[in-house]
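Data block for structure_9.cif (mmCIF, C-alpha atoms (C1' of nucleotides)):
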```cif
data_data
#
loop_
_atom_site.label_atom_id
_atom_site.label_comp_id
_atom_site.auth_asym_id
_atom_site.auth_seq_id
_atom_site.Cartn_x
_atom_site.Cartn_y
_atom_site.Cartn_z
CA MET A 1 -42.64 -26.14 219.48
CA LYS A 2 -44.57 -22.94 219.13
CA THR A 3 -41.50 -20.76 219.43
CA GLU A 4 -39.67 -23.00 217.02
CA HIS A 5 -42.41 -22.66 214.42
CA LEU A 6 -42.50 -18.94 214.98
CA HIS A 7 -38.76 -18.64 214.52
CA GLN A 8 -38.96 -20.56 211.29
CA LEU A 9 -41.88 -18.49 210.10
CA ILE A 10 -40.01 -15.29 210.73
CA TRP A 11 -36.95 -16.53 208.91
CA MET A 12 -39.10 -17.39 205.94
CA SER A 13 -39.82 -13.71 205.46
CA ARG A 14 -36.67 -13.12 203.46
CA PRO A 15 -37.08 -15.99 201.00
CA LEU A 16 -40.75 -15.09 200.65
CA MET A 17 -39.96 -11.48 199.93
CA GLN A 18 -37.26 -12.33 197.45
CA ALA A 19 -39.48 -14.77 195.60
CA ALA A 20 -42.27 -12.22 195.56
CA GLU A 21 -40.01 -9.49 194.26
CA ALA A 22 -38.73 -11.73 191.52
CA CYS A 23 -42.30 -12.43 190.42
CA VAL A 24 -43.29 -8.78 190.56
CA GLU A 25 -40.27 -7.89 188.50
CA ALA A 26 -41.02 -10.62 186.00
CA GLY A 27 -44.55 -9.26 185.74
CA LEU A 28 -43.25 -5.82 184.81
CA VAL A 29 -41.26 -6.97 181.82
CA GLY A 30 -42.80 -5.43 178.76
CA THR A 31 -44.33 -2.49 180.58
CA ASP A 32 -42.09 0.54 181.02
CA LEU A 33 -42.50 0.25 184.76
CA THR A 34 -39.85 -0.40 187.35
CA VAL A 35 -40.57 -1.99 190.69
CA ARG A 36 -40.43 1.33 192.47
CA MET A 37 -42.68 3.05 189.98
CA ARG A 38 -45.12 0.20 190.48
CA ALA A 39 -45.05 0.88 194.21
CA VAL A 40 -46.00 4.51 193.63
CA LEU A 41 -48.82 3.60 191.28
CA GLU A 42 -50.16 1.02 193.69
CA MET A 43 -50.37 3.55 196.50
CA LEU A 44 -52.22 6.02 194.28
CA ASP A 45 -54.53 3.33 193.00
CA LYS A 46 -55.22 1.97 196.46
CA TYR A 47 -55.48 5.12 198.53
CA GLY A 48 -56.20 7.79 195.94
CA GLU A 49 -54.19 10.81 194.87
CA GLN A 50 -51.84 12.11 197.50
CA THR A 51 -48.64 14.03 198.09
CA VAL A 52 -45.12 12.66 198.10
CA PRO A 53 -44.78 12.78 201.90
CA GLU A 54 -48.04 10.91 202.24
CA ILE A 55 -46.85 8.17 199.93
CA ALA A 56 -43.59 8.03 201.87
CA ALA A 57 -45.47 7.53 205.11
CA ARG A 58 -47.49 4.69 203.60
CA LEU A 59 -44.45 2.96 202.16
CA GLU A 60 -42.50 3.66 205.32
CA ILE A 61 -39.53 4.95 203.40
CA LYS A 62 -37.99 8.41 203.53
CA ARG A 63 -39.68 11.17 201.58
CA GLN A 64 -36.45 12.06 199.76
CA TYR A 65 -36.37 8.69 198.09
CA VAL A 66 -40.06 8.66 197.35
CA GLN A 67 -39.52 12.02 195.71
CA ILE A 68 -37.08 10.39 193.33
CA MET A 69 -39.48 7.53 192.70
CA CYS A 70 -42.31 9.94 191.96
CA ASN A 71 -40.20 12.15 189.73
CA GLU A 72 -39.26 9.13 187.66
CA THR A 73 -42.82 7.94 187.50
CA ARG A 74 -43.95 11.38 186.41
CA GLU A 75 -41.25 11.64 183.77
CA SER A 76 -42.50 8.37 182.38
CA GLY A 77 -46.01 9.77 182.19
CA PHE A 78 -47.74 7.45 184.62
CA ILE A 79 -48.62 10.17 187.11
CA GLU A 80 -49.09 13.92 186.98
CA GLN A 81 -49.12 16.76 189.45
CA ARG A 82 -52.20 18.66 190.54
CA ALA A 83 -52.37 21.80 192.59
CA ASN A 84 -52.82 21.11 196.26
CA PRO A 85 -55.29 23.49 197.88
CA ARG A 86 -54.20 22.38 201.32
CA HIS A 87 -50.49 22.87 200.75
CA LYS A 88 -49.23 25.04 197.96
CA ARG A 89 -45.66 23.75 198.02
CA SER A 90 -46.65 20.13 197.83
CA PRO A 91 -48.52 19.16 194.69
CA ILE A 92 -50.79 16.15 194.68
CA MET A 93 -49.68 13.17 192.65
CA ALA A 94 -52.43 11.60 190.58
CA LEU A 95 -52.56 8.71 188.15
CA THR A 96 -52.75 9.62 184.50
CA ASP A 97 -55.05 7.53 182.35
CA ARG A 98 -52.04 5.63 181.18
CA GLY A 99 -50.87 5.09 184.74
CA ARG A 100 -54.26 3.90 185.85
CA THR A 101 -54.55 1.46 183.00
CA VAL A 102 -51.09 0.06 183.61
CA ILE A 103 -51.43 -0.45 187.34
CA LYS A 104 -54.91 -1.98 187.02
CA ASP A 105 -53.53 -4.35 184.48
CA ILE A 106 -50.51 -5.27 186.59
CA ILE A 107 -52.58 -5.87 189.71
CA SER A 108 -55.03 -7.91 187.72
CA ARG A 109 -52.27 -10.07 186.34
CA GLU A 110 -50.83 -10.45 189.80
CA MET A 111 -54.22 -11.63 191.03
CA THR A 112 -54.28 -14.24 188.30
CA LEU A 113 -50.89 -15.38 189.51
CA MET A 114 -52.31 -15.53 193.03
CA GLU A 115 -54.82 -18.10 191.89
CA GLU A 116 -52.07 -20.34 190.63
CA VAL A 117 -49.99 -19.77 193.70
CA GLY A 118 -52.94 -20.39 195.97
CA GLY A 119 -53.09 -23.87 194.57
CA ASP A 120 -54.54 -26.31 197.00
CA LEU A 121 -54.39 -23.97 200.00
CA SER A 122 -57.72 -23.18 201.56
CA ASP A 123 -58.94 -19.63 201.97
CA GLU A 124 -59.19 -20.33 205.65
CA ASP A 125 -55.57 -21.29 205.98
CA ILE A 126 -54.44 -18.30 203.96
CA ALA A 127 -56.56 -16.02 206.12
CA THR A 128 -55.01 -17.56 209.21
CA ALA A 129 -51.53 -17.06 207.80
CA LEU A 130 -52.31 -13.43 207.04
CA ARG A 131 -53.63 -12.85 210.53
CA VAL A 132 -50.61 -14.49 212.15
CA VAL A 133 -48.12 -12.63 209.98
CA ARG A 134 -49.78 -9.32 210.75
CA ALA A 135 -49.80 -10.00 214.47
CA VAL A 136 -46.19 -11.11 214.46
CA THR A 137 -45.10 -8.10 212.43
CA ASP A 138 -46.85 -5.70 214.78
CA SER A 139 -45.39 -7.43 217.77
CA LEU A 140 -41.87 -7.40 216.38
CA LYS A 141 -42.17 -3.76 215.47
CA GLN A 142 -43.11 -2.96 219.00
CA GLU A 143 -40.20 -4.97 220.42
CA ALA A 144 -37.72 -3.29 218.13
CA GLY A 145 -39.23 0.08 218.90
CA GLU A 146 -38.79 -0.39 222.62
CA THR A 147 -35.16 -1.35 222.23
CA GLU A 148 -34.01 1.64 220.21
CA MET B 1 -61.29 -13.42 198.61
CA LYS B 2 -58.63 -16.07 198.62
CA THR B 3 -56.48 -14.31 196.06
CA GLU B 4 -56.98 -11.04 197.88
CA HIS B 5 -55.77 -12.53 201.15
CA LEU B 6 -52.87 -14.13 199.38
CA HIS B 7 -51.85 -10.86 197.78
CA GLN B 8 -51.95 -9.15 201.14
CA LEU B 9 -50.00 -11.95 202.75
CA ILE B 10 -47.29 -11.71 200.15
CA TRP B 11 -47.03 -7.96 200.54
CA MET B 12 -46.61 -8.40 204.26
CA SER B 13 -43.31 -10.14 203.61
CA ARG B 14 -41.37 -6.89 203.43
CA PRO B 15 -42.70 -5.33 206.65
CA LEU B 16 -42.25 -8.66 208.39
CA MET B 17 -38.71 -8.99 207.23
CA GLN B 18 -37.83 -5.46 208.18
CA ALA B 19 -39.34 -5.82 211.62
CA ALA B 20 -37.50 -9.11 212.08
CA GLU B 21 -34.20 -7.62 210.98
CA ALA B 22 -34.61 -4.72 213.35
CA CYS B 23 -35.14 -7.15 216.22
CA VAL B 24 -32.21 -9.32 215.24
CA GLU B 25 -30.02 -6.24 215.05
CA ALA B 26 -31.23 -5.04 218.42
CA GLY B 27 -30.41 -8.46 219.85
CA LEU B 28 -26.82 -8.19 218.63
CA VAL B 29 -26.07 -4.96 220.46
CA GLY B 30 -23.41 -5.70 223.05
CA THR B 31 -22.03 -8.73 221.26
CA ASP B 32 -19.33 -8.01 218.69
CA LEU B 33 -21.46 -9.65 216.05
CA THR B 34 -22.93 -8.10 212.95
CA VAL B 35 -26.07 -9.41 211.27
CA ARG B 36 -24.06 -11.08 208.55
CA MET B 37 -21.67 -12.71 210.97
CA ARG B 38 -24.69 -14.00 212.84
CA ALA B 39 -25.94 -15.58 209.64
CA VAL B 40 -22.67 -17.44 209.19
CA LEU B 41 -22.68 -18.66 212.77
CA GLU B 42 -26.26 -19.80 212.49
CA MET B 43 -25.49 -21.92 209.44
CA LEU B 44 -22.54 -23.54 211.18
CA ASP B 45 -24.55 -24.11 214.33
CA LYS B 46 -27.50 -25.51 212.45
CA TYR B 47 -25.87 -27.61 209.77
CA GLY B 48 -22.40 -28.22 211.16
CA GLU B 49 -19.01 -27.15 209.88
CA GLN B 50 -18.85 -26.57 206.17
CA THR B 51 -17.04 -24.72 203.41
CA VAL B 52 -17.75 -21.21 202.19
CA PRO B 53 -19.48 -22.36 198.99
CA GLU B 54 -21.71 -24.63 201.05
CA ILE B 55 -22.74 -21.78 203.30
CA ALA B 56 -23.38 -19.66 200.23
CA ALA B 57 -25.66 -22.30 198.78
CA ARG B 58 -27.63 -22.50 202.02
CA LEU B 59 -27.99 -18.74 202.32
CA GLU B 60 -28.67 -18.47 198.60
CA ILE B 61 -26.22 -15.65 198.18
CA LYS B 62 -23.09 -15.54 196.05
CA ARG B 63 -20.03 -17.27 197.35
CA GLN B 64 -17.89 -14.15 196.86
CA TYR B 65 -19.95 -12.27 199.38
CA VAL B 66 -20.12 -15.16 201.80
CA GLN B 67 -16.36 -15.29 201.55
CA ILE B 68 -16.23 -11.72 202.84
CA MET B 69 -18.69 -12.55 205.59
CA CYS B 70 -16.67 -15.55 206.67
CA ASN B 71 -13.37 -13.70 206.55
CA GLU B 72 -14.82 -11.07 208.86
CA THR B 73 -16.24 -13.65 211.17
CA ARG B 74 -12.92 -15.41 211.29
CA GLU B 75 -11.00 -12.21 211.95
CA SER B 76 -13.30 -11.62 214.89
CA GLY B 77 -12.49 -15.05 216.25
CA PHE B 78 -15.92 -16.63 216.04
CA ILE B 79 -14.93 -19.26 213.51
CA GLU B 80 -11.72 -20.94 212.44
CA GLN B 81 -10.52 -22.88 209.44
CA ARG B 82 -9.86 -26.59 209.41
CA ALA B 83 -8.20 -28.60 206.71
CA ASN B 84 -10.69 -30.11 204.29
CA PRO B 85 -9.78 -33.67 203.32
CA ARG B 86 -12.30 -33.61 200.49
CA HIS B 87 -11.12 -30.41 198.92
CA LYS B 88 -7.69 -29.08 199.70
CA ARG B 89 -8.30 -25.57 198.36
CA SER B 90 -11.43 -25.05 200.36
CA PRO B 91 -10.97 -25.14 204.12
CA ILE B 92 -13.87 -26.03 206.37
CA MET B 93 -15.24 -23.28 208.55
CA ALA B 94 -15.96 -24.34 212.11
CA LEU B 95 -17.24 -22.54 215.16
CA THR B 96 -14.69 -21.65 217.79
CA ASP B 97 -15.74 -22.10 221.39
CA ARG B 98 -16.40 -18.42 221.55
CA GLY B 99 -18.45 -18.53 218.38
CA ARG B 100 -20.46 -21.46 219.62
CA THR B 101 -21.21 -19.78 222.91
CA VAL B 102 -22.24 -16.53 221.24
CA ILE B 103 -24.56 -18.04 218.67
CA LYS B 104 -26.19 -20.38 221.19
CA ASP B 105 -26.80 -17.41 223.41
CA ILE B 106 -28.22 -15.27 220.61
CA ILE B 107 -30.55 -18.00 219.39
CA SER B 108 -31.66 -18.67 222.93
CA ARG B 109 -32.47 -15.02 223.46
CA GLU B 110 -34.32 -14.95 220.16
CA MET B 111 -36.39 -17.89 221.29
CA THR B 112 -37.31 -16.03 224.44
CA LEU B 113 -38.41 -13.16 222.25
CA MET B 114 -40.48 -15.62 220.25
CA GLU B 115 -42.47 -16.46 223.33
CA GLU B 116 -43.40 -12.85 223.81
CA VAL B 117 -44.14 -12.38 220.15
CA GLY B 118 -46.19 -15.54 220.03
CA GLY B 119 -48.51 -13.93 222.51
CA ASP B 120 -52.01 -15.24 222.20
CA LEU B 121 -51.45 -17.01 218.90
CA SER B 122 -52.00 -20.74 219.01
CA ASP B 123 -49.34 -23.19 217.95
CA GLU B 124 -51.77 -24.54 215.45
CA ASP B 125 -52.27 -21.19 213.77
CA ILE B 126 -48.56 -20.53 213.68
CA ALA B 127 -47.93 -23.94 212.19
CA THR B 128 -50.57 -23.23 209.56
CA ALA B 129 -48.96 -19.89 208.77
CA LEU B 130 -45.59 -21.55 208.40
CA ARG B 131 -46.99 -24.20 206.11
CA VAL B 132 -48.77 -21.62 203.96
CA VAL B 133 -45.76 -19.33 203.74
CA ARG B 134 -43.52 -22.20 202.73
CA ALA B 135 -45.93 -23.37 200.07
CA VAL B 136 -46.37 -19.87 198.71
CA THR B 137 -42.64 -19.23 198.66
CA ASP B 138 -41.98 -22.46 196.78
CA SER B 139 -44.73 -21.70 194.33
CA LEU B 140 -43.52 -18.16 193.70
CA LYS B 141 -39.98 -19.36 193.22
CA GLN B 142 -41.15 -21.78 190.61
CA GLU B 143 -43.15 -19.10 188.81
CA ALA B 144 -40.24 -16.71 188.77
CA GLY B 145 -37.92 -19.46 187.67
CA GLU B 146 -40.08 -20.31 184.69
CA THR B 147 -40.24 -16.71 183.56
CA GLU B 148 -36.54 -15.97 183.53
"C1'" DG C 1 -1.70 -40.38 183.87
"C1'" DT C 2 -3.41 -36.62 181.03
"C1'" DC C 3 -5.99 -32.86 180.38
"C1'" DA C 4 -10.08 -30.26 179.89
"C1'" DA C 5 -13.51 -28.61 182.91
"C1'" DT C 6 -14.57 -26.92 187.29
"C1'" DA C 7 -14.03 -25.00 191.97
"C1'" DT C 8 -12.09 -21.85 195.01
"C1'" DG C 9 -10.19 -17.62 197.11
"C1'" DA C 10 -8.96 -13.05 196.31
"C1'" DC C 11 -9.84 -8.82 194.54
"C1'" DA C 12 -12.14 -4.93 191.84
"C1'" DA C 13 -16.05 -2.74 190.20
"C1'" DG C 14 -20.77 -2.05 189.76
"C1'" DT C 15 -25.79 -1.81 191.21
"C1'" DA C 16 -30.13 -1.25 193.76
"C1'" DT C 17 -32.29 0.55 197.46
"C1'" DA C 18 -32.26 3.13 200.36
"C1'" DA C 19 -30.70 6.60 204.67
"C1'" DT C 20 -28.79 11.00 206.01
"C1'" DG C 21 -27.55 15.74 205.64
"C1'" DT C 22 -28.26 20.26 203.93
"C1'" DC C 23 -30.41 24.21 201.87
"C1'" DA C 24 -33.72 27.56 200.13
"C1'" DT C 25 -38.30 28.35 199.98
"C1'" DT C 26 -42.67 28.35 201.72
"C1'" DA C 27 -46.38 27.33 204.78
"C1'" DT C 28 -48.40 26.95 209.13
"C1'" DG C 29 -49.94 28.07 213.52
"C1'" DA C 30 -49.50 30.18 218.05
"C1'" DT D 1 -45.71 38.51 213.25
"C1'" DC D 2 -42.56 35.33 213.69
"C1'" DA D 3 -40.73 31.03 215.22
"C1'" DT D 4 -41.34 26.42 213.61
"C1'" DA D 5 -42.26 22.91 210.51
"C1'" DA D 6 -42.89 21.09 205.78
"C1'" DT D 7 -41.42 20.45 201.19
"C1'" DG D 8 -38.56 19.77 196.98
"C1'" DA D 9 -34.07 19.54 195.36
"C1'" DC D 10 -29.65 18.09 195.61
"C1'" DA D 11 -25.38 15.81 197.47
"C1'" DT D 12 -23.23 12.36 200.11
"C1'" DT D 13 -22.99 8.07 202.36
"C1'" DA D 14 -24.33 3.28 203.55
"C1'" DT D 15 -25.71 -1.40 203.01
"C1'" DA D 16 -26.09 -5.56 200.94
"C1'" DC D 17 -25.37 -7.50 197.73
"C1'" DT D 18 -24.06 -9.00 192.23
"C1'" DT D 19 -20.95 -9.44 188.51
"C1'" DG D 20 -16.63 -10.00 186.48
"C1'" DT D 21 -11.97 -11.46 186.44
"C1'" DC D 22 -7.79 -13.91 187.62
"C1'" DA D 23 -4.49 -17.31 189.17
"C1'" DT D 24 -4.28 -21.50 190.98
"C1'" DA D 25 -5.66 -25.74 192.55
"C1'" DT D 26 -8.58 -29.67 192.11
"C1'" DT D 27 -11.47 -32.98 190.06
"C1'" DG D 28 -13.22 -36.27 186.97
"C1'" DA D 29 -13.65 -38.43 182.46
"C1'" DC D 30 -11.06 -40.94 179.52
#
```

Let's see the structure in the file written out as structure tokens.
Amino acid sequence: MKTEHLHQLIWMSRPLMQAAEACVEAGLVGTDLTVRMRAVLEMLDKYGEQTVPEIAARLEIKRQYVQIMCNETRESGFIEQRANPRHKRSPIMALTDRGRTVIKDIISREMTLMEEVGGDLSDEDIATALRVVRAVTDSLKQEAGETE
Amino acid sequence: MKTEHLHQLIWMSRPLMQAAEACVEAGLVGTDLTVRMRAVLEMLDKYGEQTVPEIAARLEIKRQYVQIMCNETRESGFIEQRANPRHKRSPIMALTDRGRTVIKDIISREMTLMEEVGGDLSDEDIATALRVVRAVTDSLKQEAGETE
DNA sequence: GTCAATATGACAAGTATAATGTCATTATGA
DNA sequence: TCATAATGACATTATACTTGTCATATTGAC
């Protein structure tokens, strides 16, 4: 039974992700943000100003693509470059005021959505789900890592 | 707190899915299956023989792409067509013996992996996680649906 | 039975989200 | 100092789809 539930849980990850992405996308309508720009802004908002390779490491996608994402985001005026004292070739990406306002607003609206989505689920159950999903993800990552 | 946990849970969906996909892919090495062929076989194994449009509906992807998936799977000898009495233009896809053996074996190996991944998590917690994830997915789908 | 609406397979093209490869330049660190 | 690594920029390729179109076959309402 346990393995069966686990299998089902894991195969829910795709529908969950797709539903989540659809909501995120819907939430961006009206702003001039794209989903990938939002991802950049979220990293800067959450972990502070940082370089492109640092963002790439956090998002676990290749730096070359994050570079594109960041360039776009910068062209749209949501982030700006600052000199990096620790690494002259790699400027630090920082939120502009506009970027900060936008991402705070988006996250805030997403949190409002979370309240609706939370519905009748208890905080305890959600916390349990989070803990399980994290453990399973870590475990799967390790399994896959060993195989390669 | 609840909304915060929920937000985190939802944003775990991508890492979870990616880790899961990596494991599934690793499990297919040695078989002549691809991930998308595996998906076709799983649907046939789980829900019985059915037409391409039916599989597409279950996978929630466009029938044109499922057609490609099924054609590949058929060319590789894992499924075969049978006449469809209910719809002459649309043959029923059915597992061949080889296909049945392969998918049973894959699923069985995945279940073994589930035992390892389950680790010290209780069945109760996993069941809770599954219930929460399903509820959240349904809720998000509805939200996104209303917006579009 | 007729006939408009629909379903299906086949095929072509496009799109989003990346990965991969390469290069010149610059830092870094032993 | 000098080999090695890091970075941005750019080009190519890959994957997993979606969208659009067409001819034909099928269905269902009347």

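Among the candidates A:Gln8, A:Gln81, A:Thr101, A:Ser90, the one nearest to chain C when counting only C-alpha atoms (C1' of nucleotides) is A:Ser90.
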
- Output as a list in words the set of chain D residues within 12 Å of chain A, with distances taken over all atoms listed in the file. DA6, DT7, DG8, DA9, DC10 and DA11 of chain D

Determine the residue membership of the PyMOL selection byres ((chain C) within 10 of (chain B)) for the file above and supply it as a short mmCIF file (atom, residue, chain, number, x, y, z; two decimals) with C-alpha atoms (C1' of nucleotides), in the coordinates of the input.
```cif
data_model
loop_
_atom_site.label_atom_id
_atom_site.label_comp_id
_atom_site.auth_asym_id
_atom_site.auth_seq_id
_atom_site.Cartn_x
_atom_site.Cartn_y
_atom_site.Cartn_z
"C1'" DA C 7 -14.03 -25.00 191.97
"C1'" DT C 8 -12.09 -21.85 195.01
"C1'" DG C 9 -10.19 -17.62 197.11
"C1'" DA C 10 -8.96 -13.05 196.31
"C1'" DC C 11 -9.84 -8.82 194.54
#
```

If the box runs along x, y and z of the file and leaves 5 Å on each side of stretch 2-18 of chain A, what are its centre and edge lengths in Å, one decimal, as AutoDock Vina command-line options?
```
--center_x -40.6 --center_y -17.2 --center_z 208.4 --size_x 17.9 --size_y 21.5 --size_z 32.0
```

- Please write the residues picked by the PyMOL selection byres ((chain A) within 6 of (chain B)) on this file as an MDAnalysis selection string. chainID A and resid 2:3 9 13:14 16:17 19 22:23 114:115 117 123 129:130 137 139:141 144

- Can you work out the spacing between atom CA of B:Asp97 and atom CA of B:Gly30 in Å, to one decimal? 18.2 Å

- Name the residues, using the chain letters and numbers of the file, that sit within 9 Å of (-10.6, -37.0, 182.6) when counting only C-alpha atoms (C1' of nucleotides), and give them as a PyMOL selection string. (chain C and resi 2-5) or (chain D and resi 27-30)

Using C-alpha atoms (C1' of nucleotides), can you write the selected residues to a file as a PDB file, keeping the file's coordinate frame?
```pdb
ATOM      1  C1'  DT C   2      -3.410 -36.620 181.030  1.00  0.00           C
ATOM      2  C1'  DC C   3      -5.990 -32.860 180.380  1.00  0.00           C
ATOM      3  C1'  DA C   4     -10.080 -30.260 179.890  1.00  0.00           C
ATOM      4  C1'  DA C   5     -13.510 -28.610 182.910  1.00  0.00           C
TER       5       DA C   5
ATOM      6  C1'  DT D  27     -11.470 -32.980 190.060  1.00  0.00           C
ATOM      7  C1'  DG D  28     -13.220 -36.270 186.970  1.00  0.00           C
ATOM      8  C1'  DA D  29     -13.650 -38.430 182.460  1.00  0.00           C
ATOM      9  C1'  DC D  30     -11.060 -40.940 179.520  1.00  0.00           C
TER      10       DC D  30
END
```

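Between atom CA of A:Lys62 and atom C1' of D:DT19 the interatomic distance comes to 28.9 Å.
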
- Name the residues in contact with C:DA30 at a cut-off of 12 Å, using all atoms listed in the file, excluding same-chain residues fewer than 4 positions from it; report them as number ranges by chain. D: 1-4

- Item | Target residues per the PyMOL selection byres ((chain A and resi 36) around 9), formatted as a PyMOL selection string | chain A and resi 33-35+37-41+66+69-70+73

- Note on the structure: Correct to one decimal, the distance atom CA of A:Ile103-atom CA of A:Glu42 is 6.6 Å

- Query: Any idea what's packed within 8 Å of stretch 19-22 of chain C, counting all atoms listed in the file, ignoring anything in its chain fewer than 4 positions away? Could you give it as a PyMOL selection string?
  - Reply: (chain A and resi 62) or (chain D and resi 12-14)

- Fewer than 3 positions away in the same chain doesn't count, so skip those; otherwise give me all residues within 10 Å of D:DT18, counting only C-alpha atoms (C1' of nucleotides), as a list in words. Ile61, Lys62, Gln64 and Tyr65 of chain B; DG14, DT15 and DA16 of chain C
